[in-house]
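A.B. asks: Data: run-v9.txt, compact mmCIF, C-alpha atoms.
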# COMPACT_ATOMS: atom_id res chain seq x y z
CA MET A 54 -18.43 -65.32 -78.28
CA ALA A 55 -16.10 -66.48 -81.09
CA ILE A 56 -16.88 -70.04 -82.12
CA ASP A 57 -13.26 -71.09 -82.74
CA ILE A 58 -11.71 -69.87 -79.49
CA ALA A 59 -10.96 -72.59 -76.95
CA TYR A 60 -11.80 -72.12 -73.26
CA VAL A 61 -10.61 -73.75 -70.07
CA LYS A 62 -11.76 -73.61 -66.45
CA THR A 63 -10.14 -71.08 -64.16
CA ALA A 64 -9.21 -71.91 -60.58
CA ALA A 65 -12.60 -70.50 -59.57
CA GLY A 66 -14.26 -72.76 -62.15
CA LYS A 67 -12.49 -75.85 -60.84
CA ALA A 68 -13.47 -74.91 -57.29
CA GLU A 69 -17.11 -74.53 -58.39
CA ILE A 70 -17.08 -78.01 -59.95
CA ALA A 71 -15.68 -79.47 -56.72
CA ALA A 72 -18.20 -77.61 -54.53
CA THR A 73 -21.42 -79.26 -53.39
CA PRO A 74 -23.86 -77.90 -54.35
CA GLY A 75 -21.92 -74.81 -55.53
CA LYS A 76 -23.16 -71.39 -56.64
CA LEU A 77 -24.20 -72.15 -60.23
CA PRO A 78 -27.56 -73.54 -61.38
CA ALA A 79 -27.43 -77.18 -62.45
CA GLY A 80 -27.47 -76.43 -66.18
CA MET A 81 -24.64 -73.90 -65.96
CA LYS A 82 -22.61 -76.23 -63.78
CA THR A 83 -23.06 -79.04 -66.31
CA LEU A 84 -21.78 -76.76 -69.07
CA LEU A 85 -18.83 -75.68 -66.92
CA GLY A 86 -17.96 -79.33 -66.35
CA LEU A 87 -17.77 -79.89 -70.12
CA VAL A 88 -15.33 -77.02 -70.70
CA ASP A 89 -11.86 -78.47 -71.24
CA HIS A 90 -9.93 -76.70 -74.02
CA SER A 91 -13.34 -76.53 -75.70
CA THR A 92 -14.66 -74.26 -78.44
CA VAL A 93 -18.32 -73.38 -78.91
CA ALA A 94 -18.37 -75.89 -81.78
CA ASP A 95 -16.97 -78.63 -79.50
CA LEU A 96 -19.59 -77.95 -76.85
CA GLN A 97 -22.38 -77.82 -79.41
CA LYS A 98 -21.51 -81.39 -80.43
CA LYS A 99 -21.86 -82.46 -76.78
CA LEU A 100 -25.07 -80.47 -76.32
CA PRO A 101 -26.80 -80.74 -79.73
CA LYS A 102 -30.20 -79.72 -78.34
CA VAL A 103 -28.91 -76.33 -77.12
CA ALA A 104 -29.06 -73.50 -79.67
CA VAL A 105 -25.65 -72.01 -80.48
CA ASP A 106 -26.73 -68.50 -79.43
CA LYS A 107 -27.90 -69.74 -76.03
CA LEU A 108 -24.69 -71.74 -75.64
CA SER A 109 -22.61 -68.65 -76.49
CA ASP A 110 -24.58 -66.52 -74.01
CA ALA A 111 -24.05 -69.10 -71.27
CA LEU A 112 -20.30 -69.17 -71.98
CA ASP A 113 -20.27 -65.37 -71.89
CA ARG A 114 -21.76 -65.49 -68.39
CA LEU A 115 -19.23 -68.10 -67.22
CA PHE A 116 -16.43 -65.96 -68.66
CA ALA A 117 -17.78 -62.75 -67.12
CA ASP A 118 -18.09 -64.43 -63.71
CA GLY A 119 -14.52 -65.71 -63.85
CA TYR A 120 -15.26 -69.44 -64.17
CA ILE A 121 -13.61 -69.88 -67.60
CA GLU A 122 -10.85 -68.15 -69.55
CA ILE A 123 -9.28 -68.34 -73.00
CA ALA A 124 -6.89 -71.29 -73.33
CA LEU A 125 -3.31 -70.22 -73.97
CA GLY A 126 -2.41 -71.03 -77.54
CA ALA A 127 -6.06 -71.24 -78.60
CA ALA A 128 -6.50 -71.40 -82.35
CA ALA A 129 -7.22 -68.18 -84.20
CA PRO A 130 -9.31 -67.95 -87.37
CA ALA A 131 -6.31 -66.94 -89.49
CA PRO A 132 -2.55 -67.02 -88.87
CA ALA A 133 -1.29 -63.71 -87.53
CA PRO A 134 1.38 -62.54 -85.10
CA ALA A 135 0.03 -63.17 -81.63
CA ALA A 136 -0.20 -60.28 -79.17
CA PRO A 137 0.42 -60.98 -75.46
CA ALA A 138 -2.44 -63.12 -74.18
CA ALA A 139 -3.22 -60.79 -71.29
CA SER A 140 -4.06 -57.95 -73.69
CA VAL A 141 -6.14 -59.85 -76.26
CA PRO A 142 -9.91 -59.47 -75.88
CA PRO A 143 -11.75 -62.77 -76.49
CA ASP A 144 -13.87 -61.33 -79.31
CA ALA A 145 -15.47 -58.17 -80.58
CA LYS A 146 -18.38 -58.56 -78.18
CA LEU A 147 -16.03 -58.06 -75.21
CA ASP A 148 -13.55 -55.59 -76.74
CA PHE A 149 -14.06 -52.38 -74.75
CA ALA A 150 -13.02 -50.32 -77.78
CA ASN A 151 -16.50 -51.09 -79.09
CA TYR A 152 -18.07 -49.57 -75.96
CA ILE A 153 -15.98 -46.43 -75.41
CA LYS A 154 -17.97 -44.30 -77.88
CA ARG A 155 -21.32 -46.03 -77.44
CA PRO A 156 -24.24 -43.79 -76.37
CA VAL A 157 -24.93 -44.18 -72.67
CA LYS A 158 -28.38 -45.15 -71.43
CA GLU A 159 -29.95 -42.84 -68.89
CA PRO A 160 -30.54 -44.42 -65.45
CA THR A 161 -34.04 -45.73 -64.87
CA ILE A 162 -36.42 -44.05 -62.45
CA GLN A 163 -35.92 -47.01 -60.11
CA LYS A 164 -32.11 -46.52 -60.14
CA LEU A 165 -32.53 -42.82 -59.39
CA ARG A 166 -34.88 -43.58 -56.51
CA GLU A 167 -32.44 -46.12 -55.07
CA ALA A 168 -29.62 -43.58 -55.32
CA GLU A 169 -31.74 -40.93 -53.60
CA ALA A 170 -32.59 -43.41 -50.86
CA THR A 171 -28.88 -44.10 -50.31
CA MET A 172 -28.25 -40.37 -50.03
CA SER A 173 -31.20 -39.65 -47.74
CA GLY A 174 -29.07 -39.92 -44.62
CA ILE A 175 -26.30 -37.67 -45.94
CA ARG A 176 -28.08 -34.35 -46.06
CA ALA A 177 -24.92 -32.29 -45.64
CA SER A 178 -23.59 -33.61 -48.94
CA LYS A 179 -25.79 -31.05 -50.70
CA LYS A 180 -23.10 -28.55 -49.80
CA ALA A 181 -19.91 -28.46 -51.86
CA GLY A 182 -16.78 -29.63 -50.07
CA TYR A 183 -18.52 -32.07 -47.75
CA PHE A 184 -16.72 -35.42 -47.51
CA VAL A 185 -18.79 -38.34 -48.79
CA HIS A 186 -17.82 -41.96 -48.23
CA ILE A 187 -20.34 -44.53 -49.41
CA ILE A 188 -19.43 -48.19 -49.91
CA ASN A 189 -21.67 -51.17 -50.68
CA ARG A 190 -20.15 -53.84 -48.44
CA ALA A 191 -20.22 -57.41 -49.74
CA PRO A 192 -22.10 -59.80 -47.42
CA LYS A 193 -19.47 -62.47 -48.05
CA ARG A 194 -16.09 -62.85 -49.72
CA VAL A 195 -16.19 -62.24 -53.48
CA ALA A 196 -14.30 -64.82 -55.56
CA SER A 197 -11.16 -63.53 -57.25
CA ARG A 198 -11.45 -63.43 -61.03
CA ALA A 199 -7.92 -64.78 -61.28
CA GLY A 200 -8.69 -67.57 -58.83
CA GLY A 201 -7.09 -68.11 -55.42
CA ASP A 202 -6.49 -65.25 -53.01
CA GLN A 203 -5.00 -62.68 -55.40
CA TYR A 204 -7.15 -59.63 -56.23
CA THR A 205 -6.49 -56.90 -58.79
CA VAL A 206 -7.53 -53.24 -58.61
CA LEU A 207 -7.59 -51.05 -61.72
CA VAL A 208 -6.95 -47.40 -60.86
CA ILE A 209 -8.27 -44.98 -63.52
CA ASP A 210 -7.05 -41.53 -62.52
CA ALA A 211 -5.45 -38.68 -64.48
CA ASP A 212 -4.09 -37.19 -61.24
CA GLN A 213 -0.69 -38.91 -61.26
CA ALA A 214 0.12 -37.94 -57.69
CA ASN A 215 -3.12 -39.42 -56.36
CA ALA A 216 -2.77 -42.50 -58.57
CA MET A 217 0.75 -43.18 -57.27
CA VAL A 218 -0.26 -42.77 -53.64
CA VAL A 219 -3.29 -45.04 -53.79
CA THR A 220 -1.45 -47.61 -55.95
CA ARG A 221 1.36 -47.80 -53.39
CA ALA A 222 -1.15 -48.28 -50.56
CA LEU A 223 -2.90 -51.07 -52.50
CA LEU A 224 0.41 -52.80 -53.25
CA LEU A 225 1.37 -52.65 -49.58
CA ALA A 226 -1.99 -54.29 -48.82
CA LYS A 227 -1.02 -57.16 -51.20
CA PHE A 228 -3.32 -56.19 -54.07
CA GLU A 229 -2.20 -56.42 -57.69
CA THR A 230 -2.67 -53.08 -59.42
CA ARG A 231 -3.16 -51.72 -62.92
CA ALA A 232 -3.35 -48.06 -63.94
CA ALA A 233 -4.81 -45.99 -66.75
CA ALA A 234 -5.68 -42.38 -67.49
CA LEU A 235 -5.88 -41.80 -71.25
CA GLN A 236 -8.59 -43.39 -73.37
CA ASN A 237 -6.29 -45.88 -75.14
CA GLU A 238 -4.82 -46.92 -71.76
CA ILE A 239 -8.30 -47.45 -70.33
CA ILE A 240 -9.29 -49.67 -73.26
CA GLU A 241 -6.04 -51.65 -73.00
CA GLN A 242 -6.41 -52.26 -69.27
CA LEU A 243 -10.10 -53.19 -69.52
CA ASN A 244 -9.29 -55.73 -72.24
CA LYS A 245 -6.68 -57.48 -70.09
CA GLN A 246 -7.45 -60.95 -68.78
CA PRO A 247 -8.37 -61.84 -66.18
CA PRO A 248 -10.44 -58.68 -65.55
CA ALA A 249 -9.77 -56.51 -62.52
CA ASP A 250 -11.75 -57.37 -59.40
CA VAL A 251 -12.39 -53.72 -58.50
CA ILE A 252 -12.13 -50.44 -60.41
CA ALA A 253 -11.29 -47.20 -58.58
CA MET A 254 -11.93 -44.34 -60.99
CA ASP A 255 -11.82 -40.57 -61.04
CA MET A 256 -14.68 -38.65 -62.63
CA GLU A 257 -12.43 -36.03 -64.24
CA LEU A 258 -10.54 -37.72 -67.07
CA PRO A 259 -8.74 -35.99 -69.97
CA GLU A 260 -10.38 -37.80 -72.91
CA THR A 261 -13.43 -39.43 -71.38
CA ILE A 262 -16.37 -38.19 -69.32
CA GLY A 263 -16.21 -40.20 -66.11
CA LEU A 264 -19.97 -40.60 -65.72
CA GLU A 265 -20.29 -41.88 -69.29
CA LEU A 266 -17.42 -44.34 -68.77
CA LEU A 267 -19.20 -45.63 -65.68
CA GLY A 268 -22.39 -46.11 -67.68
CA ARG A 269 -20.52 -48.00 -70.41
CA LEU A 270 -18.88 -50.27 -67.86
CA ARG A 271 -22.35 -51.22 -66.63
CA GLU A 272 -23.38 -52.17 -70.18
CA HIS A 273 -20.35 -54.43 -70.74
CA PRO A 274 -20.85 -58.23 -70.31
CA VAL A 275 -17.83 -58.49 -67.97
CA TYR A 276 -17.71 -55.16 -66.16
CA LYS A 277 -21.41 -54.84 -65.43
CA THR A 278 -20.77 -56.85 -62.25
CA VAL A 279 -17.32 -55.50 -61.30
CA PRO A 280 -17.46 -53.13 -58.29
CA VAL A 281 -16.59 -49.53 -59.19
CA ILE A 282 -15.50 -47.01 -56.55
CA VAL A 283 -15.77 -43.41 -57.73
CA MET A 284 -13.07 -41.00 -56.55
CA ALA A 285 -14.25 -37.43 -57.12
CA THR A 286 -13.56 -33.87 -56.08
CA LYS A 287 -17.29 -33.05 -56.16
CA ALA A 288 -19.55 -33.84 -53.23
CA GLU A 289 -22.72 -32.07 -54.31
CA HIS A 290 -25.88 -34.10 -53.80
CA ASP A 291 -26.72 -34.35 -57.52
CA ASP A 292 -23.21 -35.52 -58.47
CA VAL A 293 -23.26 -38.34 -55.93
CA VAL A 294 -26.79 -39.40 -56.87
CA ALA A 295 -25.85 -39.46 -60.56
CA ALA A 296 -22.80 -41.68 -59.94
CA LEU A 297 -24.81 -44.11 -57.82
CA ALA A 298 -27.63 -44.20 -60.37
CA TYR A 299 -25.19 -44.95 -63.17
CA GLY A 300 -23.89 -47.94 -61.22
CA ALA A 301 -21.16 -46.86 -58.80
CA SER A 302 -20.63 -49.33 -55.95
CA GLY A 303 -19.01 -46.65 -53.81
CA TYR A 304 -18.28 -42.92 -53.76
CA MET A 305 -15.35 -41.15 -52.10
CA THR A 306 -14.54 -37.46 -52.28
CA LYS A 307 -10.95 -36.27 -52.60
CA PRO A 308 -8.77 -35.73 -50.76
CA PHE A 309 -8.84 -38.90 -48.69
CA LYS A 310 -6.23 -41.01 -46.94
CA PRO A 311 -5.02 -43.84 -49.21
CA GLU A 312 -5.72 -46.31 -46.40
CA THR A 313 -9.38 -45.33 -46.67
CA LEU A 314 -9.47 -46.57 -50.25
CA VAL A 315 -7.76 -49.82 -49.22
CA ASP A 316 -10.40 -50.31 -46.51
CA SER A 317 -13.13 -49.61 -49.06
CA VAL A 318 -11.72 -52.13 -51.56
CA GLN A 319 -11.52 -54.78 -48.85
CA ALA A 320 -15.09 -54.05 -47.73
CA ILE A 321 -16.49 -54.17 -51.25
CA LEU A 322 -14.81 -57.57 -51.80
CA GLY A 323 -15.92 -58.93 -48.43
CA LEU A 324 -12.33 -59.40 -47.22
If you took the structure in this file and wrote it as structure tokens, what would it be?
C.D. replies:
Amino acid sequence: MAIDIAYVKTAAGKAEIAATPGKLPAGMKTLLGLVDHSTVADLQKKLPKVAVDKLSDALDRLFADGYIEIALGAAAPAPAPAAPAASVPPDAKLDFANYIKRPVKEPTIQKLREAEATMSGIRASKKAGYFVHIINRAPKRVASRAGGDQYTVLVIDADQANAMVVTRALLLAKFETRAAALQNEIIEQLNKQPPADVIAMDMELPETIGLELLGRLREHPVYKTVPVIVMATKAEHDDVVAALAYGASGYMTKPFKPETLVDSVQAILGL
């Protein structure tokens, strides 16, 4: 996390401070309370006994969980024309351009076993063309990363017709939407702040292998916890298991009714 970037609390962060006892551990909540247009250097002065790397890691977690954001007009290390704030990644550690070509780690044996266990009741999915609909429902409402009641869904799909249909359904359901298909568009949308609350992505993309993109999302400090719903034309057992093992929160085979995706997004957010 860049040491000269200033951070402020989001609406979710302010709500966490007001909550008793709240969701955060005491130490993290204390740090959150100190964030007020603060840089890492500012916070280090207030917490001199905390090592700067540990302080940066803690701020990364608060940022990833939507409790803090970059302060508008925060100082940059050198004068340069400012790009729109929503498209500026906070630092190189979070810039998804640094992840898009990174080698993807293979799922662990435990992840593969968990995926197989999820699929154990869907025996017919071993046959091509069988409709699969798997969603990990949230036990309670997930906090919006933008704060308040507004949620954003990023649709990554090269099938323009499908993308338009599902985007329209999400808009009608009062979700904010973003869209991407090409690699540069995916990077741009993933670098926007605040991050999307849910990603609905196709596996067949023109410049990126869907499964590898999913794996890279799960290695990113922010997107490792963002629910990802896979939209795919394949329903073979091994394809579904692979997506779940790589970190998919849900799996839907095309074609499906757009309302089904809306229901899935609401379920995965606990709405």
A.B. asks: Please list as a ChimeraX atom specification every residue within 8 Å of Ala295 in chain A, counting all atoms listed in the file and excluding residues in the same chain fewer than 4 positions away.
C.D. replies: /A:165,168,264,291,299
A.B. asks: Can you work out which one of A:Thr261, A:Asn189, A:Thr205, A:Asn215 has the shortest atom-to-atom distance to Arg231 in chain A, counting only C-alpha atoms?
C.D. replies: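 When distances to Arg231 in chain A are compared using only C-alpha atoms, the smallest one comes from A:Thr205.
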A.B. asks: Would you list the contacts of Ile239 in chain A as a list of chain:residue names, taking every protein, DNA or RNA residue within 10 Å and counting all atoms listed in the file, but skipping same-chain residues closer than 3 positions in sequence?
C.D. replies: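 The filter keeps A:Phe149, A:Ala150, A:Ile153, A:Leu207, A:Val208, A:Ile209, A:Asp210, A:Arg231, A:Ala232, A:Ala233, A:Ala234, A:Leu235, A:Gln236, A:Gln242, A:Leu243, A:Asn244, A:Thr261, A:Leu266.
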A.B. asks: Could you tell me how far CA of Thr83 in chain A lies from CA of Val103 in chain A, in Å and to one decimal?
C.D. replies: 12.6 Å
A.B. asks: So which residues touch range 302-317 of chain A within 9 Å, counting only C-alpha atoms, skipping near sequence neighbours fewer than 3 positions away, as an mmCIF file with C-alpha atoms, keeping the file's coordinate frame?
C.D. replies:
data_model
loop_
_atom_site.group_PDB
_atom_site.id
_atom_site.type_symbol
_atom_site.label_atom_id
_atom_site.label_comp_id
_atom_site.auth_asym_id
_atom_site.auth_seq_id
_atom_site.Cartn_x
_atom_site.Cartn_y
_atom_site.Cartn_z
ATOM 1 C CA GLY A 182 -16.780 -29.630 -50.070
ATOM 2 C CA TYR A 183 -18.520 -32.070 -47.750
ATOM 3 C CA PHE A 184 -16.720 -35.420 -47.510
ATOM 4 C CA VAL A 185 -18.790 -38.340 -48.790
ATOM 5 C CA HIS A 186 -17.820 -41.960 -48.230
ATOM 6 C CA ILE A 187 -20.340 -44.530 -49.410
ATOM 7 C CA ILE A 188 -19.430 -48.190 -49.910
ATOM 8 C CA ASN A 189 -21.670 -51.170 -50.680
ATOM 9 C CA ARG A 190 -20.150 -53.840 -48.440
ATOM 10 C CA ASN A 215 -3.120 -39.420 -56.360
ATOM 11 C CA VAL A 218 -0.260 -42.770 -53.640
ATOM 12 C CA VAL A 219 -3.290 -45.040 -53.790
ATOM 13 C CA THR A 220 -1.450 -47.610 -55.950
ATOM 14 C CA ARG A 221 1.360 -47.800 -53.390
ATOM 15 C CA ALA A 222 -1.150 -48.280 -50.560
ATOM 16 C CA LEU A 223 -2.900 -51.070 -52.500
ATOM 17 C CA ALA A 226 -1.990 -54.290 -48.820
ATOM 18 C CA ALA A 253 -11.290 -47.200 -58.580
ATOM 19 C CA VAL A 279 -17.320 -55.500 -61.300
ATOM 20 C CA PRO A 280 -17.460 -53.130 -58.290
ATOM 21 C CA VAL A 281 -16.590 -49.530 -59.190
ATOM 22 C CA ILE A 282 -15.500 -47.010 -56.550
ATOM 23 C CA VAL A 283 -15.770 -43.410 -57.730
ATOM 24 C CA MET A 284 -13.070 -41.000 -56.550
ATOM 25 C CA ALA A 285 -14.250 -37.430 -57.120
ATOM 26 C CA THR A 286 -13.560 -33.870 -56.080
ATOM 27 C CA LYS A 287 -17.290 -33.050 -56.160
ATOM 28 C CA ALA A 288 -19.550 -33.840 -53.230
ATOM 29 C CA VAL A 293 -23.260 -38.340 -55.930
ATOM 30 C CA ALA A 296 -22.800 -41.680 -59.940
ATOM 31 C CA LEU A 297 -24.810 -44.110 -57.820
ATOM 32 C CA ALA A 320 -15.090 -54.050 -47.730
ATOM 33 C CA ILE A 321 -16.490 -54.170 -51.250
ATOM 34 C CA LEU A 322 -14.810 -57.570 -51.800
#
A.B. asks: Taking all atoms of range 218-230 of chain A that the file lists, what box with edges along x, y and z, padded by 3 Å per side, do you get, with centre and edge lengths in Å to one decimal, as lines of an AutoDock Vina configuration file?
C.D. replies:
center_x = -1.0
center_y = -50.0
center_z = -54.1
size_x = 10.7
size_y = 20.4
size_z = 16.6
A.B. asks: Let me make sure I understand: among A:Ala68, A:Leu270, A:Leu258, A:Lys62, which one has the smallest atom-to-atom distance to Leu84 in chain A if we use only C-alpha atoms?
C.D. replies: A:Lys62
A.B. asks: Provide the CA of Gly268 in chain A to CA of Lys158 in chain A distance in Å, to one decimal place.
C.D. replies: 7.1 Å
A.B. asks: Using Å and a single decimal, report how far CA of Pro274 in chain A sits from CA of Asn237 in chain A.
C.D. replies: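 CA of Asn237 in chain A sits 19.7 Å away from CA of Pro274 in chain A.
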A.B. asks: From the list A:Leu115, A:Gly80, A:Ala214, A:Ala59, which residue is nearest Val93 in chain A when using all atoms listed in the file?
C.D. replies: A:Ala59
